[in-house]
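As stored in work10.cif (mmCIF, N, CA and C atoms):
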```cif
data_final
#
loop_
_atom_site.label_atom_id
_atom_site.label_comp_id
_atom_site.auth_asym_id
_atom_site.auth_seq_id
_atom_site.Cartn_x
_atom_site.Cartn_y
_atom_site.Cartn_z
N MET H 1149 31.26 -50.69 -137.10
CA MET H 1149 30.21 -51.69 -137.08
C MET H 1149 30.42 -52.63 -135.89
N LYS H 1150 29.38 -52.86 -135.15
CA LYS H 1150 29.44 -53.67 -133.94
C LYS H 1150 29.40 -55.16 -134.29
N TYR H 1151 30.06 -55.95 -133.49
CA TYR H 1151 30.03 -57.41 -133.60
C TYR H 1151 30.70 -57.95 -134.87
N ILE H 1152 31.68 -57.27 -135.39
CA ILE H 1152 32.37 -57.71 -136.60
C ILE H 1152 33.01 -59.09 -136.39
N GLU H 1153 33.72 -59.26 -135.26
CA GLU H 1153 34.40 -60.54 -135.00
C GLU H 1153 33.39 -61.69 -134.87
N ILE H 1154 32.28 -61.42 -134.24
CA ILE H 1154 31.26 -62.46 -134.06
C ILE H 1154 30.64 -62.82 -135.40
N LYS H 1155 30.36 -61.83 -136.23
CA LYS H 1155 29.80 -62.11 -137.57
C LYS H 1155 30.78 -62.95 -138.39
N GLU H 1156 32.04 -62.61 -138.32
CA GLU H 1156 33.06 -63.38 -139.04
C GLU H 1156 33.12 -64.82 -138.54
N TYR H 1157 33.09 -64.98 -137.24
CA TYR H 1157 33.13 -66.31 -136.64
C TYR H 1157 31.93 -67.14 -137.09
N LEU H 1158 30.76 -66.57 -137.04
CA LEU H 1158 29.54 -67.30 -137.35
C LEU H 1158 29.39 -67.64 -138.84
N LYS H 1159 29.93 -66.82 -139.71
CA LYS H 1159 29.74 -67.08 -141.14
C LYS H 1159 30.48 -68.33 -141.60
N ASP H 1160 31.50 -68.74 -140.86
CA ASP H 1160 32.25 -69.94 -141.22
C ASP H 1160 31.68 -71.21 -140.60
N LYS H 1161 30.65 -71.08 -139.81
CA LYS H 1161 30.06 -72.23 -139.15
C LYS H 1161 29.10 -72.95 -140.10
N GLU H 1162 29.14 -74.27 -140.08
CA GLU H 1162 28.23 -75.06 -140.90
C GLU H 1162 26.79 -74.90 -140.43
N ILE H 1163 26.61 -74.87 -139.12
CA ILE H 1163 25.27 -74.74 -138.56
C ILE H 1163 25.13 -73.36 -137.96
N ASN H 1164 24.25 -72.58 -138.53
CA ASN H 1164 23.97 -71.25 -138.00
C ASN H 1164 22.46 -71.09 -137.99
N SER H 1165 21.86 -71.39 -136.87
CA SER H 1165 20.41 -71.36 -136.77
C SER H 1165 19.90 -70.06 -136.15
N LEU H 1166 20.69 -69.01 -136.20
CA LEU H 1166 20.27 -67.76 -135.58
C LEU H 1166 19.23 -67.05 -136.44
N VAL H 1167 18.24 -66.48 -135.76
CA VAL H 1167 17.16 -65.77 -136.42
C VAL H 1167 17.16 -64.33 -135.91
N LYS H 1168 17.22 -63.38 -136.82
CA LYS H 1168 17.23 -61.97 -136.43
C LYS H 1168 15.84 -61.55 -135.95
N ILE H 1169 15.84 -60.67 -134.95
CA ILE H 1169 14.61 -60.14 -134.38
C ILE H 1169 14.38 -58.74 -134.95
N SER H 1170 13.19 -58.50 -135.45
CA SER H 1170 12.88 -57.21 -136.07
C SER H 1170 12.79 -56.11 -135.01
N LYS H 1171 12.93 -54.88 -135.48
CA LYS H 1171 12.80 -53.73 -134.56
C LYS H 1171 11.41 -53.71 -133.93
N LYS H 1172 10.40 -54.09 -134.69
CA LYS H 1172 9.03 -54.12 -134.17
C LYS H 1172 8.91 -55.13 -133.03
N GLU H 1173 9.46 -56.33 -133.22
CA GLU H 1173 9.43 -57.35 -132.17
C GLU H 1173 10.19 -56.88 -130.93
N ILE H 1174 11.32 -56.24 -131.14
CA ILE H 1174 12.11 -55.74 -130.02
C ILE H 1174 11.31 -54.70 -129.24
N GLU H 1175 10.67 -53.79 -129.97
CA GLU H 1175 9.85 -52.76 -129.31
C GLU H 1175 8.73 -53.41 -128.50
N GLU H 1176 8.09 -54.44 -129.05
CA GLU H 1176 7.00 -55.12 -128.35
C GLU H 1176 7.51 -55.90 -127.14
N ASN H 1177 8.60 -56.63 -127.30
CA ASN H 1177 9.12 -57.48 -126.23
C ASN H 1177 9.72 -56.69 -125.07
N PHE H 1178 10.22 -55.49 -125.34
CA PHE H 1178 10.95 -54.74 -124.31
C PHE H 1178 10.30 -53.40 -123.99
N ARG H 1179 9.07 -53.22 -124.38
CA ARG H 1179 8.37 -51.94 -124.23
C ARG H 1179 8.42 -51.40 -122.80
N ASN H 1180 8.15 -52.22 -121.82
CA ASN H 1180 8.07 -51.75 -120.44
C ASN H 1180 9.27 -52.13 -119.59
N MET H 1181 10.36 -52.53 -120.21
CA MET H 1181 11.54 -52.94 -119.44
C MET H 1181 12.57 -51.82 -119.42
N ILE H 1182 13.01 -51.53 -118.22
CA ILE H 1182 14.04 -50.51 -118.03
C ILE H 1182 15.33 -51.23 -117.65
N GLY H 1183 16.44 -50.79 -118.22
CA GLY H 1183 17.73 -51.34 -117.85
C GLY H 1183 18.24 -52.44 -118.75
N VAL H 1184 17.55 -52.72 -119.86
CA VAL H 1184 18.01 -53.76 -120.79
C VAL H 1184 19.20 -53.20 -121.56
N PRO H 1185 20.34 -53.86 -121.54
CA PRO H 1185 21.52 -53.35 -122.24
C PRO H 1185 21.30 -53.22 -123.75
N LEU H 1186 21.71 -52.10 -124.28
CA LEU H 1186 21.55 -51.83 -125.71
C LEU H 1186 22.36 -52.79 -126.58
N ASP H 1187 23.52 -53.25 -126.08
CA ASP H 1187 24.31 -54.16 -126.91
C ASP H 1187 23.61 -55.52 -127.07
N TYR H 1188 22.82 -55.93 -126.10
CA TYR H 1188 22.01 -57.15 -126.25
C TYR H 1188 20.93 -56.93 -127.33
N LEU H 1189 20.25 -55.79 -127.26
CA LEU H 1189 19.20 -55.49 -128.25
C LEU H 1189 19.79 -55.40 -129.66
N LYS H 1190 20.94 -54.78 -129.77
CA LYS H 1190 21.61 -54.68 -131.07
C LYS H 1190 21.99 -56.07 -131.58
N PHE H 1191 22.47 -56.93 -130.71
CA PHE H 1191 22.87 -58.28 -131.08
C PHE H 1191 21.68 -59.07 -131.63
N ILE H 1192 20.56 -59.08 -130.91
CA ILE H 1192 19.43 -59.89 -131.35
C ILE H 1192 18.83 -59.35 -132.65
N HIS H 1193 19.01 -58.06 -132.92
CA HIS H 1193 18.54 -57.49 -134.18
C HIS H 1193 19.51 -57.76 -135.32
N ASP H 1194 20.80 -57.56 -135.09
CA ASP H 1194 21.80 -57.67 -136.16
C ASP H 1194 22.33 -59.10 -136.38
N ILE H 1195 22.46 -59.86 -135.31
CA ILE H 1195 23.02 -61.21 -135.39
C ILE H 1195 21.91 -62.26 -135.29
N GLY H 1196 21.08 -62.14 -134.26
CA GLY H 1196 19.96 -63.05 -134.12
C GLY H 1196 19.94 -63.77 -132.79
N VAL H 1197 18.97 -64.66 -132.68
CA VAL H 1197 18.78 -65.47 -131.47
C VAL H 1197 18.82 -66.93 -131.86
N GLY H 1198 19.14 -67.78 -130.88
CA GLY H 1198 19.19 -69.21 -131.12
C GLY H 1198 20.44 -69.82 -130.52
N ASN H 1199 20.79 -70.97 -131.02
CA ASN H 1199 21.90 -71.78 -130.52
C ASN H 1199 23.21 -71.36 -131.19
N ILE H 1200 24.21 -71.05 -130.39
CA ILE H 1200 25.54 -70.75 -130.91
C ILE H 1200 26.48 -71.85 -130.43
N ASP H 1201 26.87 -72.73 -131.34
CA ASP H 1201 27.86 -73.79 -131.06
C ASP H 1201 27.51 -74.68 -129.88
N ASN H 1202 26.26 -74.83 -129.56
CA ASN H 1202 25.84 -75.60 -128.39
C ASN H 1202 26.52 -75.12 -127.12
N ARG H 1203 26.91 -73.84 -127.11
CA ARG H 1203 27.51 -73.23 -125.92
C ARG H 1203 26.53 -72.31 -125.22
N ILE H 1204 25.69 -71.68 -126.02
CA ILE H 1204 24.74 -70.73 -125.46
C ILE H 1204 23.49 -70.70 -126.34
N ASN H 1205 22.37 -70.60 -125.71
CA ASN H 1205 21.10 -70.44 -126.40
C ASN H 1205 20.56 -69.07 -126.02
N ILE H 1206 20.50 -68.17 -126.98
CA ILE H 1206 20.09 -66.79 -126.73
C ILE H 1206 18.65 -66.62 -127.19
N LYS H 1207 17.83 -66.03 -126.32
CA LYS H 1207 16.43 -65.75 -126.62
C LYS H 1207 16.27 -64.29 -127.04
N GLY H 1208 15.18 -64.01 -127.71
CA GLY H 1208 14.87 -62.65 -128.14
C GLY H 1208 13.96 -61.93 -127.17
N TYR H 1209 13.95 -62.37 -125.95
CA TYR H 1209 13.14 -61.78 -124.89
C TYR H 1209 13.82 -62.12 -123.56
N LEU H 1210 13.44 -61.43 -122.52
CA LEU H 1210 13.95 -61.72 -121.19
C LEU H 1210 12.89 -62.48 -120.41
N PHE H 1211 13.34 -63.38 -119.55
CA PHE H 1211 12.39 -64.20 -118.79
C PHE H 1211 12.90 -64.42 -117.38
N ASN H 1212 12.00 -64.90 -116.53
CA ASN H 1212 12.38 -65.28 -115.17
C ASN H 1212 11.89 -66.70 -114.93
N PHE H 1213 12.09 -67.20 -113.74
CA PHE H 1213 11.73 -68.59 -113.47
C PHE H 1213 10.23 -68.84 -113.51
N ASP H 1214 9.43 -67.84 -113.18
CA ASP H 1214 7.97 -67.98 -113.30
C ASP H 1214 7.57 -68.26 -114.75
N ASP H 1215 8.24 -67.61 -115.69
CA ASP H 1215 7.91 -67.74 -117.10
C ASP H 1215 8.17 -69.15 -117.64
N ILE H 1216 9.08 -69.88 -117.02
CA ILE H 1216 9.43 -71.21 -117.53
C ILE H 1216 9.07 -72.34 -116.55
N GLY H 1217 8.26 -72.00 -115.55
CA GLY H 1217 7.75 -73.01 -114.64
C GLY H 1217 8.73 -73.54 -113.62
N LEU H 1218 9.76 -72.78 -113.30
CA LEU H 1218 10.75 -73.23 -112.32
C LEU H 1218 10.69 -72.44 -111.02
N GLU H 1219 9.64 -71.67 -110.82
CA GLU H 1219 9.55 -70.82 -109.63
C GLU H 1219 9.49 -71.60 -108.33
N ASP H 1220 9.07 -72.85 -108.37
CA ASP H 1220 9.04 -73.67 -107.15
C ASP H 1220 10.41 -74.26 -106.82
N ILE H 1221 11.32 -74.19 -107.78
CA ILE H 1221 12.66 -74.76 -107.59
C ILE H 1221 13.69 -73.67 -107.30
N TYR H 1222 13.65 -72.58 -108.08
CA TYR H 1222 14.64 -71.52 -107.98
C TYR H 1222 13.97 -70.19 -107.68
N SER H 1223 14.73 -69.32 -107.06
CA SER H 1223 14.23 -67.99 -106.75
C SER H 1223 15.37 -66.98 -106.90
N VAL H 1224 15.06 -65.89 -107.57
CA VAL H 1224 16.01 -64.78 -107.70
C VAL H 1224 15.22 -63.48 -107.54
N PRO H 1225 15.90 -62.38 -107.24
CA PRO H 1225 15.20 -61.09 -107.13
C PRO H 1225 14.53 -60.70 -108.46
N GLU H 1226 13.51 -59.86 -108.37
CA GLU H 1226 12.75 -59.45 -109.56
C GLU H 1226 13.60 -58.71 -110.59
N ASN H 1227 14.68 -58.08 -110.16
CA ASN H 1227 15.52 -57.33 -111.09
C ASN H 1227 16.43 -58.24 -111.94
N ILE H 1228 16.43 -59.54 -111.66
CA ILE H 1228 17.21 -60.49 -112.45
C ILE H 1228 16.33 -61.05 -113.56
N LYS H 1229 16.77 -60.89 -114.78
CA LYS H 1229 16.07 -61.42 -115.95
C LYS H 1229 17.08 -62.17 -116.79
N PHE H 1230 16.64 -63.25 -117.39
CA PHE H 1230 17.53 -64.09 -118.19
C PHE H 1230 17.27 -63.91 -119.67
N PHE H 1231 18.34 -64.05 -120.46
CA PHE H 1231 18.21 -64.02 -121.92
C PHE H 1231 18.57 -65.36 -122.55
N GLY H 1232 19.07 -66.30 -121.76
CA GLY H 1232 19.46 -67.57 -122.34
C GLY H 1232 19.98 -68.56 -121.33
N ASP H 1233 20.53 -69.65 -121.87
CA ASP H 1233 21.08 -70.70 -121.02
C ASP H 1233 22.28 -71.33 -121.72
N ASN H 1234 22.97 -72.21 -120.98
CA ASN H 1234 24.19 -72.82 -121.50
C ASN H 1234 24.02 -74.31 -121.81
N PHE H 1235 22.79 -74.77 -121.94
CA PHE H 1235 22.48 -76.17 -122.25
C PHE H 1235 22.88 -77.13 -121.13
N SER H 1236 23.25 -76.60 -119.96
CA SER H 1236 23.64 -77.45 -118.83
C SER H 1236 22.80 -77.15 -117.59
N GLY H 1237 21.73 -76.40 -117.76
CA GLY H 1237 20.87 -76.06 -116.64
C GLY H 1237 21.17 -74.74 -115.98
N ASP H 1238 22.20 -74.04 -116.46
CA ASP H 1238 22.55 -72.73 -115.92
C ASP H 1238 21.96 -71.65 -116.81
N PHE H 1239 21.62 -70.52 -116.21
CA PHE H 1239 20.98 -69.43 -116.96
C PHE H 1239 21.89 -68.21 -117.01
N ILE H 1240 21.71 -67.43 -118.06
CA ILE H 1240 22.53 -66.25 -118.29
C ILE H 1240 21.59 -65.08 -118.48
N GLY H 1241 21.91 -63.96 -117.85
CA GLY H 1241 21.00 -62.82 -117.96
C GLY H 1241 21.62 -61.53 -117.49
N PHE H 1242 20.73 -60.68 -116.96
CA PHE H 1242 21.13 -59.36 -116.51
C PHE H 1242 20.51 -59.06 -115.16
N ASP H 1243 21.22 -58.27 -114.38
CA ASP H 1243 20.63 -57.62 -113.22
C ASP H 1243 20.24 -56.24 -113.74
N LEU H 1244 18.96 -56.02 -113.95
CA LEU H 1244 18.52 -54.78 -114.59
C LEU H 1244 18.84 -53.53 -113.78
N LEU H 1245 19.17 -53.70 -112.53
CA LEU H 1245 19.60 -52.55 -111.72
C LEU H 1245 21.05 -52.19 -111.99
N LYS H 1246 21.83 -53.15 -112.48
CA LYS H 1246 23.25 -52.90 -112.79
C LYS H 1246 23.45 -52.74 -114.29
N LYS H 1247 22.42 -52.88 -115.05
CA LYS H 1247 22.27 -52.58 -116.47
C LYS H 1247 23.22 -53.28 -117.42
N ASP H 1248 24.46 -52.95 -117.44
CA ASP H 1248 25.32 -53.41 -118.53
C ASP H 1248 26.19 -54.62 -118.20
N GLU H 1249 25.85 -55.36 -117.17
CA GLU H 1249 26.69 -56.48 -116.78
C GLU H 1249 25.92 -57.80 -116.89
N VAL H 1250 26.55 -58.78 -117.51
CA VAL H 1250 25.95 -60.11 -117.62
C VAL H 1250 26.12 -60.86 -116.30
N ILE H 1251 25.07 -61.58 -115.93
CA ILE H 1251 25.13 -62.43 -114.74
C ILE H 1251 24.91 -63.88 -115.16
N GLU H 1252 25.38 -64.78 -114.34
CA GLU H 1252 25.14 -66.21 -114.56
C GLU H 1252 24.46 -66.75 -113.31
N PHE H 1253 23.47 -67.61 -113.51
CA PHE H 1253 22.82 -68.31 -112.41
C PHE H 1253 23.17 -69.77 -112.56
N TRP H 1254 23.92 -70.29 -111.59
CA TRP H 1254 24.35 -71.69 -111.63
C TRP H 1254 23.34 -72.51 -110.85
N HIS H 1255 22.72 -73.44 -111.53
CA HIS H 1255 21.60 -74.18 -110.93
C HIS H 1255 22.01 -75.07 -109.76
N GLU H 1256 23.20 -75.62 -109.79
CA GLU H 1256 23.61 -76.52 -108.69
C GLU H 1256 23.78 -75.77 -107.38
N SER H 1257 24.43 -74.63 -107.43
CA SER H 1257 24.65 -73.85 -106.20
C SER H 1257 23.51 -72.86 -105.96
N GLN H 1258 22.73 -72.58 -106.99
CA GLN H 1258 21.66 -71.58 -106.96
C GLN H 1258 22.19 -70.19 -106.63
N ASN H 1259 23.41 -69.93 -107.06
CA ASN H 1259 24.04 -68.63 -106.85
C ASN H 1259 24.04 -67.82 -108.13
N ILE H 1260 24.02 -66.52 -107.95
CA ILE H 1260 24.16 -65.57 -109.05
C ILE H 1260 25.60 -65.08 -109.05
N TYR H 1261 26.23 -65.14 -110.21
CA TYR H 1261 27.60 -64.67 -110.36
C TYR H 1261 27.64 -63.49 -111.32
N TYR H 1262 28.26 -62.42 -110.88
CA TYR H 1262 28.44 -61.24 -111.72
C TYR H 1262 29.74 -61.40 -112.50
N THR H 1263 29.64 -61.30 -113.82
CA THR H 1263 30.78 -61.60 -114.69
C THR H 1263 31.71 -60.41 -114.90
N ASN H 1264 31.26 -59.21 -114.56
CA ASN H 1264 32.01 -57.98 -114.83
C ASN H 1264 32.24 -57.79 -116.32
N LYS H 1265 31.34 -58.34 -117.15
CA LYS H 1265 31.45 -58.20 -118.60
C LYS H 1265 30.13 -57.68 -119.17
N SER H 1266 30.26 -56.83 -120.17
CA SER H 1266 29.07 -56.41 -120.91
C SER H 1266 28.59 -57.59 -121.75
N PHE H 1267 27.42 -57.48 -122.34
CA PHE H 1267 26.91 -58.55 -123.19
C PHE H 1267 27.89 -58.85 -124.32
N GLU H 1268 28.38 -57.81 -124.98
CA GLU H 1268 29.31 -58.00 -126.09
C GLU H 1268 30.59 -58.70 -125.62
N GLU H 1269 31.16 -58.25 -124.52
CA GLU H 1269 32.37 -58.88 -123.99
C GLU H 1269 32.13 -60.35 -123.62
N TYR H 1270 30.98 -60.61 -123.04
CA TYR H 1270 30.65 -61.96 -122.60
C TYR H 1270 30.53 -62.90 -123.80
N ILE H 1271 29.81 -62.48 -124.82
CA ILE H 1271 29.62 -63.33 -126.01
C ILE H 1271 30.95 -63.55 -126.72
N LYS H 1272 31.75 -62.51 -126.87
CA LYS H 1272 33.05 -62.68 -127.51
C LYS H 1272 33.91 -63.66 -126.75
N ALA H 1273 33.96 -63.54 -125.44
CA ALA H 1273 34.77 -64.44 -124.62
C ALA H 1273 34.26 -65.87 -124.72
N LEU H 1274 32.97 -66.03 -124.83
CA LEU H 1274 32.37 -67.37 -124.87
C LEU H 1274 32.60 -68.08 -126.20
N ILE H 1275 32.47 -67.37 -127.29
CA ILE H 1275 32.52 -68.07 -128.57
C ILE H 1275 33.79 -67.85 -129.40
N ILE H 1276 34.55 -66.85 -129.08
CA ILE H 1276 35.72 -66.55 -129.92
C ILE H 1276 37.02 -66.87 -129.20
N ILE H 1277 37.17 -66.45 -127.98
CA ILE H 1277 38.45 -66.57 -127.29
C ILE H 1277 38.54 -67.93 -126.61
#
```

Output the structure of this file as structure tokens.
Amino acid sequence: MKYIEIKEYLKDKEINSLVKISKKEIEENFRNMIGVPLDYLKFIHDIGVGNIDNRINIKGYLFNFDDIGLEDIYSVPENIKFFGDNFSGDFIGFDLLKKDEVIEFWHESQNIYYTNKSFEEYIKALIII
């Protein structure tokens, strides 16, 4: 079973505002997207989306700066899509051409950083370790 450690961690939290995304919603939200990591899709279905410990806010869809009205401030290639943020103005997502690696966009430097971690590895490192 995937995400056992994360499920254990979250069940002991007083505040757990995560909402699971149905298979139907996932199919609708990601119908035409190629390169979305399967471990992210599994996470939003099995664990959910929302705020985890005020460390990360995970969405049930991928977005870019045009979608949130920041296209005049920031610019990234079209293959970069975000799934969340860190509550500090930085965004977390994927380079859909590199598929299974999480990227971070730091708003102050406006740089993209490749974490060399899959979605599962990234979330575990962020909330457990």

Nearby residues (only C-alpha atoms) at most 12 Å from region 1162-1176 of chain H, same-chain spacing under 5 positions excluded, as a ChimeraX atom specification: /H:1155,1157,1181,1184,1186,1188-1202,1204-1210

One decimal place gives the CA of Ile1275 (chain H)-CA of Tyr1151 (chain H) separation as 12.0 Å

Nearest to Gly1241 (chain H): which of H:Asn1212, H:Glu1269, H:Ser1257, H:Tyr1222 is it, counting only C-alpha atoms? H:Asn1212

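Straight-line separation from CA of Phe1242 (chain H) to atom C of Glu1153 (chain H): 22.2 Å.
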
Which distance in Å separates CA of Ile1216 (chain H) and CA of Ile1271 (chain H), to one decimal?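 One can read the CA of Ile1216 (chain H) to CA of Ile1271 (chain H) distance as 23.3 Å.
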
Going by the chain IDs and residue numbers used in this file, which residues fall under the PyMOL selection byres (((chain H and resi 1251 and name CA) around 7) and name CA)? Write them as a list in words.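 On the file shown, the PyMOL selection byres (((chain H and resi 1251 and name CA) around 7) and name CA) covers Ile1240, Gly1241, Phe1242, Asp1243, Glu1249, Val1250, Glu1252, Phe1253, Ile1260, Tyr1261, Tyr1262 and Thr1263 of chain H.
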
Rank H:Gln1258, H:Asp1220, H:Asn1227, H:Asp1248 by their smallest atom-to-atom distance to Asp1187 (chain H), using only N, CA and C atoms, and report the top residue only.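 Answer, going by the shortest atom-to-atom distance: H:Asp1248.
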
Which residue of H:His1255, H:Lys1265, H:Lys1150, H:Lys1272 approaches Phe1239 (chain H) most closely, using all atoms listed in the file: H:His1255
